[in-house]
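model-v8.csv follows (CSV, C-alpha atoms and all ligand atoms):
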chain,number,residue,atom,x,y,z
U,1,ILE,CA,-15.0,12.0,5.1
U,2,ASN,CA,-17.9,13.5,3.2
U,3,ARG,CA,-18.6,11.2,0.2
U,4,GLU,CA,-20.9,13.8,-1.3
U,5,LEU,CA,-18.2,16.3,-2.0
U,6,ASN,CA,-16.8,14.4,-4.9
U,7,LYS,CA,-15.5,17.1,-7.2
U,8,ARG,CA,-13.6,20.2,-6.1
U,9,ILE,CA,-13.5,23.4,-8.1
U,10,ARG,CA,-10.1,23.9,-9.8
U,11,LEU,CA,-8.1,27.0,-8.8
U,12,ASP,CA,-7.4,29.1,-11.9
U,13,ASN,CA,-4.1,30.5,-10.9
U,14,TYR,CA,-2.2,27.2,-11.3
U,15,LYS,CA,-1.9,25.4,-14.6
U,16,THR,CA,1.6,24.8,-15.9
U,17,ILE,CA,4.7,22.9,-14.9
U,18,ASP,CA,6.3,26.3,-13.9
U,19,ASP,CA,3.3,27.0,-11.6
U,20,ALA,CA,4.1,23.5,-10.1
U,21,VAL,CA,7.7,24.5,-9.6
U,22,ARG,CA,6.8,27.8,-7.9
U,23,LEU,CA,4.4,26.0,-5.6
U,24,LEU,CA,7.2,23.5,-4.7
U,25,GLN,CA,9.6,26.3,-4.0
U,26,THR,CA,7.2,28.4,-1.8
U,27,ARG,CA,5.0,25.9,0.0
U,28,LYS,CA,6.1,24.5,3.4
U,29,ASN,CA,3.5,22.0,4.4
U,30,ILE,CA,3.1,19.5,1.6
U,31,VAL,CA,0.8,16.4,1.8
U,32,VAL,CA,2.1,13.7,-0.6
U,33,ILE,CA,-0.3,10.9,-1.5
U,34,THR,CA,1.4,8.0,-3.3
U,35,GLY,CA,0.4,4.7,-4.9
U,36,ALA,CA,1.9,1.7,-6.6
U,37,GLY,CA,3.1,3.8,-9.6
U,38,ILE,CA,6.1,5.2,-7.6
U,39,SER,CA,7.5,1.6,-7.3
U,40,THR,CA,6.9,0.2,-10.8
U,41,SER,CA,10.4,1.4,-11.9
U,42,LEU,CA,11.7,-0.9,-9.1
U,43,GLY,CA,10.1,-3.9,-10.9
U,44,ILE,CA,7.1,-4.1,-8.5
U,45,PRO,CA,3.9,-4.2,-10.7
U,46,ASP,CA,1.0,-1.9,-9.8
U,47,PHE,CA,-2.5,-3.3,-9.7
U,48,ARG,CA,-4.5,-1.5,-12.4
U,49,SER,CA,-2.2,-0.7,-15.3
U,50,LYS,CA,-3.8,-2.3,-18.3
U,51,LYS,CA,-0.8,-4.2,-19.7
U,52,SER,CA,1.5,-4.8,-16.8
U,53,GLY,CA,-0.8,-4.6,-13.7
U,54,PHE,CA,-1.1,-7.4,-11.2
U,55,TYR,CA,-4.9,-7.5,-11.7
U,56,THR,CA,-4.5,-8.2,-15.4
U,57,LYS,CA,-2.2,-11.1,-14.6
U,58,LEU,CA,-4.8,-12.4,-12.1
U,59,ARG,CA,-7.6,-12.1,-14.6
U,60,GLU,CA,-5.5,-14.0,-17.2
U,61,MET,CA,-5.1,-16.7,-14.5
U,62,GLY,CA,-8.9,-17.0,-14.2
U,63,PHE,CA,-9.6,-14.7,-11.2
U,64,GLU,CA,-12.7,-12.8,-12.3
U,65,GLU,CA,-12.4,-10.6,-9.2
U,66,PRO,CA,-8.7,-10.0,-8.6
U,67,GLU,CA,-9.5,-8.1,-5.4
U,68,SER,CA,-10.6,-11.5,-3.9
U,69,VAL,CA,-6.9,-12.4,-3.4
U,70,PHE,CA,-6.7,-9.6,-0.9
U,71,ASP,CA,-10.0,-10.5,0.9
U,72,LEU,CA,-9.6,-11.4,4.5
U,73,GLN,CA,-12.3,-14.0,4.6
U,74,ASN,CA,-10.8,-15.7,1.5
U,75,PHE,CA,-7.4,-15.7,3.2
U,76,ASP,CA,-8.8,-17.4,6.3
U,77,GLU,CA,-10.6,-20.0,4.2
U,78,ASP,CA,-7.6,-20.7,1.9
U,79,PRO,CA,-4.3,-18.9,2.5
U,80,THR,CA,-2.6,-20.9,-0.2
U,81,ILE,CA,-4.1,-18.6,-2.9
U,82,PHE,CA,-2.5,-15.5,-1.4
U,83,TYR,CA,0.8,-17.3,-0.8
U,84,ARG,CA,0.8,-18.7,-4.4
U,85,LEU,CA,0.4,-15.2,-5.9
U,86,ALA,CA,2.0,-12.7,-3.6
U,87,GLY,CA,5.6,-13.3,-4.8
U,88,ASP,CA,5.0,-10.8,-7.6
U,89,ILE,CA,4.5,-7.9,-5.3
U,90,LEU,CA,7.3,-8.7,-2.8
U,91,PRO,CA,9.5,-5.7,-2.2
U,92,ASP,CA,13.2,-5.7,-2.9
U,93,LEU,CA,14.6,-4.3,0.4
U,94,ASN,CA,17.1,-1.4,0.3
U,95,ARG,CA,16.1,-0.1,-3.2
U,96,TRP,CA,14.1,3.0,-3.9
U,97,SER,CA,13.1,5.0,-7.0
U,98,PRO,CA,13.9,8.6,-7.8
U,99,THR,CA,10.4,9.5,-6.8
U,100,HIS,CA,11.0,8.1,-3.3
U,101,GLN,CA,14.2,10.1,-3.3
U,102,PHE,CA,12.2,13.2,-4.2
U,103,ILE,CA,9.8,12.7,-1.3
U,104,ARG,CA,12.8,12.3,1.0
U,105,MET,CA,14.2,15.5,-0.4
U,106,LEU,CA,11.0,17.3,0.5
U,107,GLN,CA,11.4,15.9,4.0
U,108,ASP,CA,15.0,17.1,4.2
U,109,MET,CA,13.9,20.6,3.2
U,110,GLY,CA,11.4,20.6,6.0
U,111,LYS,CA,8.5,20.8,3.5
U,112,LEU,CA,6.9,17.3,4.0
U,113,LEU,CA,3.9,17.5,6.3
U,114,THR,CA,2.8,13.9,5.7
U,115,CYS,CA,3.3,11.2,3.1
U,116,TYR,CA,0.2,9.1,2.9
U,117,THR,CA,1.3,6.0,1.0
U,118,GLN,CA,-1.0,3.2,-0.1
U,119,ASN,CA,2.0,1.1,-0.9
U,120,ILE,CA,2.7,-1.9,1.1
U,121,ASP,CA,6.3,-2.3,0.0
U,122,ASN,CA,7.7,-0.3,2.9
U,123,VAL,CA,10.2,1.4,0.5
U,124,GLU,CA,9.5,4.6,2.4
U,125,GLU,CA,11.4,3.2,5.4
U,126,SER,CA,14.4,2.2,3.2
U,127,VAL,CA,14.7,5.7,1.7
U,128,GLY,CA,14.5,7.3,5.2
U,129,ILE,CA,11.0,8.9,5.4
U,130,SER,CA,10.6,9.4,9.1
U,131,LYS,CA,7.7,7.6,10.9
U,132,ASP,CA,6.6,11.1,12.0
U,133,ASN,CA,6.0,12.1,8.4
U,134,LEU,CA,4.5,8.8,7.2
U,135,ILE,CA,1.1,7.1,7.2
U,136,GLN,CA,1.1,3.6,5.6
U,137,CYS,CA,-2.6,3.7,4.8
U,138,HIS,CA,-2.7,0.0,3.9
U,139,GLY,CA,-0.1,-1.3,6.3
U,140,SER,CA,3.0,-3.0,4.9
U,141,TRP,CA,5.1,-6.1,4.6
U,142,ALA,CA,7.3,-4.8,7.5
U,143,THR,CA,5.6,-7.1,10.0
U,144,ALA,CA,3.4,-10.2,9.9
U,145,THR,CA,0.9,-11.5,12.5
U,146,CYS,CA,-0.6,-14.9,13.3
U,147,ARG,CA,-4.3,-15.0,12.4
U,148,LYS,CA,-5.0,-17.2,15.5
U,149,CYS,CA,-2.8,-16.1,18.4
U,150,LYS,CA,-1.6,-12.6,17.1
U,151,TYR,CA,2.1,-13.5,17.4
U,152,ARG,CA,4.0,-10.9,15.4
U,153,ILE,CA,7.3,-11.4,13.5
U,154,PRO,CA,9.4,-9.2,11.1
U,155,GLY,CA,7.8,-9.4,7.7
U,156,ASP,CA,10.9,-10.5,5.9
U,157,GLN,CA,10.7,-13.8,7.7
U,158,LEU,CA,7.7,-14.5,5.5
U,159,PHE,CA,9.5,-13.9,2.2
U,160,PRO,CA,11.0,-17.4,1.9
U,161,HIS,CA,7.5,-18.9,2.4
U,162,VAL,CA,6.0,-16.5,-0.2
U,163,LYS,CA,8.8,-17.4,-2.6
U,164,ALA,CA,8.2,-21.1,-2.0
U,165,LYS,CA,4.4,-20.4,-2.4
U,166,THR,CA,3.5,-22.2,0.9
U,167,PRO,CA,1.6,-20.6,3.8
U,168,ALA,CA,3.8,-19.8,6.8
U,169,GLU,CA,2.5,-21.5,10.0
U,170,CYS,CA,2.9,-19.6,13.3
U,171,ARG,CA,6.0,-20.6,15.3
U,172,GLN,CA,4.3,-19.8,18.6
U,173,CYS,CA,1.2,-21.9,17.8
U,174,LEU,CA,3.4,-24.8,16.8
U,175,GLU,CA,5.4,-24.6,20.0
U,176,GLU,CA,2.2,-24.5,22.0
U,177,ILE,CA,0.8,-27.5,20.2
U,178,ALA,CA,4.1,-29.4,20.7
U,179,THR,CA,3.7,-29.1,24.5
U,180,GLN,CA,0.1,-30.3,24.5
U,181,LYS,CA,-0.9,-33.9,25.4
U,182,PRO,CA,-1.1,-36.4,22.5
U,183,GLY,CA,-4.2,-38.6,21.9
U,184,MET,CA,-6.6,-36.0,20.5
U,185,LYS,CA,-9.1,-36.9,17.9
U,186,ARG,CA,-8.9,-35.4,14.3
U,187,LYS,CA,-12.0,-33.4,13.4
U,188,ARG,CA,-13.4,-34.1,9.9
U,189,SER,CA,-15.8,-31.9,7.9
U,190,SER,CA,-19.0,-33.4,6.5
U,191,ASN,CA,-17.3,-34.5,3.2
U,192,GLY,CA,-14.6,-36.3,5.2
U,193,SER,CA,-11.8,-33.9,4.4
U,194,LYS,CA,-9.7,-32.3,7.0
U,195,LYS,CA,-11.1,-28.9,7.8
U,196,ARG,CA,-8.8,-25.8,8.0
U,197,ARG,CA,-9.6,-23.9,11.1
U,198,GLY,CA,-10.4,-20.2,11.1
U,199,PRO,CA,-9.1,-17.6,13.5
U,200,GLY,CA,-11.0,-17.7,16.8
U,201,ASP,CA,-12.2,-21.3,16.3
U,202,ASP,CA,-12.1,-23.3,19.4
U,203,ASP,CA,-10.8,-26.8,19.2
U,204,SER,CA,-13.8,-28.7,20.6
U,205,ASP,CA,-16.5,-30.5,18.6
U,206,SER,CA,-20.2,-30.1,19.7
U,207,ASP,CA,-20.1,-33.8,20.7
U,208,GLY,CA,-17.1,-33.0,22.9
U,209,ALA,CA,-14.5,-34.7,20.7
U,210,TYR,CA,-11.3,-32.9,20.1
U,211,ASP,CA,-9.5,-31.9,16.9
U,212,ILE,CA,-5.8,-32.0,16.5
U,213,PRO,CA,-5.1,-28.3,17.1
U,214,GLN,CA,-3.8,-26.4,14.1
U,215,PRO,CA,-1.3,-23.6,14.1
U,216,GLY,CA,-2.5,-20.2,12.9
U,217,ILE,CA,-1.3,-18.9,9.5
U,218,MET,CA,1.0,-15.8,9.4
U,219,LYS,CA,-0.5,-12.9,7.4
U,220,PRO,CA,1.6,-9.9,6.4
U,221,ASP,CA,0.3,-6.7,8.1
U,222,ILE,CA,-1.1,-5.3,4.9
U,223,THR,CA,-4.7,-4.1,5.0
U,224,PHE,CA,-6.9,-6.6,3.2
U,225,PHE,CA,-10.4,-5.8,2.0
U,226,GLY,CA,-12.5,-6.2,5.1
U,227,GLU,CA,-9.9,-4.8,7.5
U,228,PRO,CA,-10.0,-1.3,9.0
U,229,LEU,CA,-7.4,1.4,8.2
U,230,PRO,CA,-4.9,2.3,10.9
U,231,ASP,CA,-6.3,4.7,13.5
U,232,ASP,CA,-3.6,7.3,12.9
U,233,PHE,CA,-4.8,7.7,9.3
U,234,PHE,CA,-8.0,9.5,10.3
U,235,ARG,CA,-6.5,11.2,13.4
U,236,ARG,CA,-3.6,12.7,11.5
U,237,LEU,CA,-5.8,13.8,8.6
U,238,LYS,CA,-8.5,15.5,10.7
U,239,GLU,CA,-6.5,16.8,13.7
U,240,ASN,CA,-3.3,17.9,12.0
U,241,ASP,CA,-3.0,18.0,8.2
U,242,ARG,CA,-6.3,19.5,7.4
U,243,ASN,CA,-5.4,22.7,9.2
U,244,LYS,CA,-1.8,22.9,8.1
U,245,VAL,CA,-1.6,21.7,4.5
U,246,ASP,CA,-0.6,24.2,1.8
U,247,LEU,CA,0.0,21.9,-1.1
U,248,VAL,CA,-1.1,18.4,-2.2
U,249,ILE,CA,0.9,16.2,-4.5
U,250,VAL,CA,-0.7,12.9,-5.6
U,251,ILE,CA,1.7,10.5,-7.4
U,252,GLY,CA,1.4,7.2,-9.1
U,253,THR,CA,-2.1,6.2,-7.9
U,254,SER,CA,-5.4,5.6,-9.8
U,255,MET,CA,-7.2,6.9,-6.6
U,256,LYS,CA,-9.7,4.1,-6.9
U,257,VAL,CA,-9.5,2.9,-3.3
U,258,ALA,CA,-11.4,4.7,-0.5
U,259,PRO,CA,-10.9,6.3,1.9
U,260,VAL,CA,-7.5,7.5,0.5
U,261,SER,CA,-9.3,8.5,-2.8
U,262,GLU,CA,-11.4,10.9,-0.7
U,263,ILE,CA,-8.5,12.8,0.9
U,264,PRO,CA,-8.2,15.5,-1.9
U,265,ASN,CA,-11.9,16.5,-1.3
U,266,PHE,CA,-11.5,16.5,2.4
U,267,LEU,CA,-8.7,19.0,2.4
U,268,PRO,CA,-9.5,22.8,2.1
U,269,SER,CA,-10.5,23.7,-1.4
U,270,ASP,CA,-8.2,26.7,-1.6
U,271,VAL,CA,-5.1,24.5,-1.3
U,272,PRO,CA,-3.6,23.7,-4.7
U,273,GLN,CA,-3.4,20.0,-5.7
U,274,MET,CA,-1.3,18.4,-8.4
U,275,TYR,CA,-1.4,15.0,-10.0
U,276,ILE,CA,1.6,13.1,-11.4
U,277,SER,CA,0.9,9.8,-13.1
U,278,LEU,CA,1.1,7.9,-16.3
U,279,ASP,CA,-2.7,7.8,-16.8
U,280,PRO,CA,-5.1,10.7,-16.4
U,281,ILE,CA,-8.0,10.3,-14.0
U,282,HIS,CA,-11.4,12.1,-14.3
U,283,HIS,CA,-13.1,11.5,-11.0
U,284,ILE,CA,-11.0,14.1,-9.1
U,285,ASN,CA,-10.3,17.6,-10.3
U,286,PHE,CA,-6.6,18.6,-9.9
U,287,ASP,CA,-5.2,22.0,-10.5
U,288,ILE,CA,-2.2,20.7,-12.3
U,289,ASN,CA,-1.9,17.4,-14.1
U,290,LEU,CA,1.7,16.3,-15.0
U,291,LEU,CA,1.3,13.1,-16.9
U,292,GLY,CA,4.3,10.8,-17.5
U,293,GLU,CA,6.7,8.5,-15.8
U,294,CYS,CA,6.8,9.9,-12.3
U,295,ASP,CA,10.6,9.5,-11.9
U,296,THR,CA,11.1,11.7,-15.0
U,297,VAL,CA,8.4,14.3,-13.9
U,298,VAL,CA,9.8,14.8,-10.4
U,299,ALA,CA,13.4,14.9,-11.8
U,300,GLU,CA,12.3,17.7,-14.1
U,301,LEU,CA,10.5,19.6,-11.3
U,302,ALA,CA,13.6,19.3,-9.2
U,303,ARG,CA,15.8,20.5,-12.0
U,304,ARG,CA,13.6,23.6,-12.7
U,305,ALA,CA,13.4,24.3,-8.9
U,306,GLY,CA,17.2,24.3,-8.8
U,307,TRP,CA,17.3,21.2,-6.5
U,308,ASP,CA,19.9,18.5,-6.7
U,309,LEU,CA,18.0,15.3,-7.0
U,310,LYS,CA,20.6,12.5,-7.4
U,311,HIS,CA,19.7,8.9,-8.2
U,312,ASP,CA,21.5,6.3,-10.2
U,313,MET,CA,18.3,5.6,-12.2
U,314,LEU,CA,18.2,9.1,-13.5
U,315,PRO,CA,19.9,10.0,-16.8
U,316,ASN,CA,22.8,12.4,-16.4
U,317,HIS,CA,21.3,15.2,-18.4
U,318,LEU,CA,18.3,15.6,-16.0
U,401,LIG,P1,-3.2,1.2,-9.1
U,401,LIG,O1,-4.6,1.3,-9.0
U,401,LIG,O2,-2.5,0.0,-9.7
U,401,LIG,O3,-2.7,2.5,-9.8
U,401,LIG,C1,-1.4,2.8,-10.1
U,401,LIG,C2,-1.3,4.1,-10.9
U,401,LIG,O4,0.0,4.4,-11.1
U,401,LIG,C3,-1.9,4.0,-12.3
U,401,LIG,O5,-2.8,5.1,-12.5
U,401,LIG,C4,-0.8,4.1,-13.3
U,401,LIG,O6,-1.1,4.9,-14.4
U,401,LIG,C5,0.3,4.8,-12.5
U,401,LIG,N1,1.6,4.4,-12.8
U,401,LIG,C6,2.1,3.2,-13.0
U,401,LIG,N2,3.5,3.3,-13.2
U,401,LIG,C7,3.8,4.6,-13.2
U,401,LIG,C8,5.0,5.3,-13.4
U,401,LIG,N3,6.1,4.7,-13.6
U,401,LIG,N4,4.9,6.7,-13.3
U,401,LIG,C9,3.8,7.3,-13.0
U,401,LIG,N5,2.6,6.7,-12.8
U,401,LIG,C10,2.6,5.3,-12.9
U,401,LIG,O7,-2.5,1.3,-7.6
U,401,LIG,P2,-2.9,2.3,-6.4
U,401,LIG,O8,-1.7,2.5,-5.6
U,401,LIG,O9,-3.7,3.5,-6.9
U,401,LIG,O10,-4.0,1.4,-5.7
U,401,LIG,C11,-3.9,1.2,-4.3
U,401,LIG,C12,-3.5,-0.3,-4.0
U,401,LIG,C13,-2.4,-0.8,-4.8
U,401,LIG,C14,-3.0,-0.3,-2.6
U,401,LIG,O11,-3.9,-1.0,-1.8
U,401,LIG,C15,-1.6,-1.0,-2.6
U,401,LIG,O12,-1.5,-1.8,-1.5
U,401,LIG,C16,-1.6,-1.7,-3.8
U,401,LIG,N6,-0.3,-2.1,-4.4
U,401,LIG,C17,0.9,-1.7,-3.8
U,401,LIG,C18,2.1,-2.0,-4.4
U,401,LIG,C19,3.4,-1.6,-3.7
U,401,LIG,O13,3.4,-1.5,-2.5
U,401,LIG,N7,4.4,-1.3,-4.5
U,401,LIG,C20,2.1,-2.8,-5.6
U,401,LIG,C21,0.9,-3.1,-6.2
U,401,LIG,C22,-0.3,-2.8,-5.6

Translate the structure described by the file into structure tokens.
Amino acid sequence: INRELNKRIRLDNYKTIDDAVRLLQTRKNIVVITGAGISTSLGIPDFRSKKSGFYTKLREMGFEEPESVFDLQNFDEDPTIFYRLAGDILPDLNRWSPTHQFIRMLQDMGKLLTCYTQNIDNVEESVGISKDNLIQCHGSWATATCRKCKYRIPGDQLFPHVKAKTPAECRQCLEEIATQKPGMKRKRSSNGSKKRRGPGDDDSDSDGAYDIPQPGIMKPDITFFGEPLPDDFFRRLKENDRNKVDLVIVIGTSMKVAPVSEIPNFLPSDVPQMYISLDPIHHINFDINLLGECDTVVAELARRAGWDLKHDMLPNHL
């Protein structure tokens, strides 16, 4: 993606909410880009909202760089930090917001080309967005993998450990260790404390002494800083969506994290783009900005379009 192309020229034909409604009614290949804001009404905090965001809480707890909690190297050095804090962003399975319902509605109408979600809560699966229409750009809690042996388990098996704030050790590593011969020597670091082993460490000391082997730690398959995005992200964007897209809707994201933040500029400049979020952003030019609670905005768009968006969190009059 070309990082130089950081501002697209706005299209003059589209400005108002009724223009947005007309676009929704007429376009057939819609790319939806979502972020944490579409799940805040479910009680999952976003990262960067000033009052309620997870990063504000982390700063109050003394983390000067809240991103460090999601840094792969830090996780390998001390996974307790992540496990102590991640309970706040655990998804509640089987619930979704009116905005998720709206995206599902686009899919049911055959209008959803791709939903690129940065969310890790996997709510898209609960609401029924098909895997064919979904790119989970930053992975999700749906599965978890051992950092040492790559053994994979369903992500919800981690939830009790996250709630208990204790790192989950890998079952497969533990079983393997249980079958190994006893009598191995414990390795100590220079200050005498027991050293936590990193992924890929082998178990022998330079002097040939052996450590008690340690199990790997399970990490949810969410993309940490320092990890690559899934291959299908780039493939889908370049080989499919770029040629087909006729409308872009960006919902509930501050668009601060690359490369997702670069998608709008990568798509053809004659394709209209709209932004639905609580806070305005200034580093990307959208044709239409609809600022407010996204559940309310999409409900109003649906009402004006004559679509029946039903959800128990929506007031009856909408
Ligand atoms: P962000 O940077 O925290 O931005 C969220 C945006 O949503 C902000 O601009 C808010 O103004 C806006 N917003 C919040 N609530 C609402 C609402 N009710 N209606 C409309 N807009 C709202 O989060 P991004 O998603 O932009 O950043 C990407 C990160 C966040 C990804 O790596 C995610 O993994 C990560 N994240 C995901 C979740 C989740 O899966 N639910 C939760 C927290 C963080």

Exercise for the section: Show which residues sit within 6 Å of range 25-29 of chain U, as a list in words. Count only C-alpha atoms, and ignore same-chain residues fewer than 2 positions away. Expected result: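 The neighbour list is Arg22, Leu23, Lys111, Leu112, Leu113, Val245 and Asp246 of chain U.
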
Generate the output file for the selected residues, C-alpha atoms, as a PDB file, in the frame of the given file.
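So again-v4.pdb came out as:
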ATOM      1  CA  ARG U  22       6.800  27.800  -7.900  1.00  0.00           C
ATOM      2  CA  LEU U  23       4.400  26.000  -5.600  1.00  0.00           C
ATOM      3  CA  LYS U 111       8.500  20.800   3.500  1.00  0.00           C
ATOM      4  CA  LEU U 112       6.900  17.300   4.000  1.00  0.00           C
ATOM      5  CA  LEU U 113       3.900  17.500   6.300  1.00  0.00           C
ATOM      6  CA  VAL U 245      -1.600  21.700   4.500  1.00  0.00           C
ATOM      7  CA  ASP U 246      -0.600  24.200   1.800  1.00  0.00           C
TER       8      ASP U 246
END

Exercise for the section: Kindly compile the residues surrounding ligand LIG 401 (chain U) within 8 Å, counting all atoms listed in the file, and format them as a ChimeraX atom specification. Expected result: /U:34-41,44-49,53-54,89,91,118-123,138-140,222-223,251-257,276-281,291-295

Exercise for the section: Just give me the gap between CA of Arg304 in chain U and CA of Leu24 in chain U in Å, one decimal is fine. Expected result: 10.2 Å

Handout entry: Shortest interatomic distance to Val32 in chain U - which of U:His100, U:His161, U:Lys131, U:His311, counting all atoms listed in the file
Key =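 Among U:His100, U:His161, U:Lys131, U:His311, it is U:His100 that comes nearest to Val32 in chain U.
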
Practice task
Would you mind reading off the distance between CA of Glu300 in chain U and CA of Ser52 in chain U, one decimal, in Å?
Solution key: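 Rounded to one decimal, the two atoms are 25.1 Å apart.
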
Handout entry: Residue nearest Asp231 in chain U among U:Ser68, U:Gln214, U:Gln101, U:Gln136 (counting all atoms listed in the file)
Key =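 Closest to Asp231 in chain U, using all atoms listed in the file: U:Gln136.
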
Exercise for the section: Between U:Glu125, U:Asp19, U:Glu239, U:Asp156, single out the one closest to Asp221 in chain U, counting all atoms listed in the file. Expected result: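 Checking each candidate against Asp221 in chain U, we get U:Asp156 as the closest.
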
Problem - 12 Å contact set for Ala168 in chain U, all atoms listed in the file, chain neighbours under 6 positions out, as number ranges by chain - result: U: 79-80, 82-84, 144-147, 153, 155-162, 174, 215-220

Problem - Nearest candidate to Leu72 in chain U (options U:Glu169, U:Glu227, U:Glu175, U:Asp18; using only C-alpha atoms) - result: U:Glu227

Exercise for the section: Pick out the closest residue to Phe224 in chain U from this set: U:Met109, U:Cys137, U:Leu267, U:Ile177. Count all atoms listed in the file. Expected result: U:Cys137
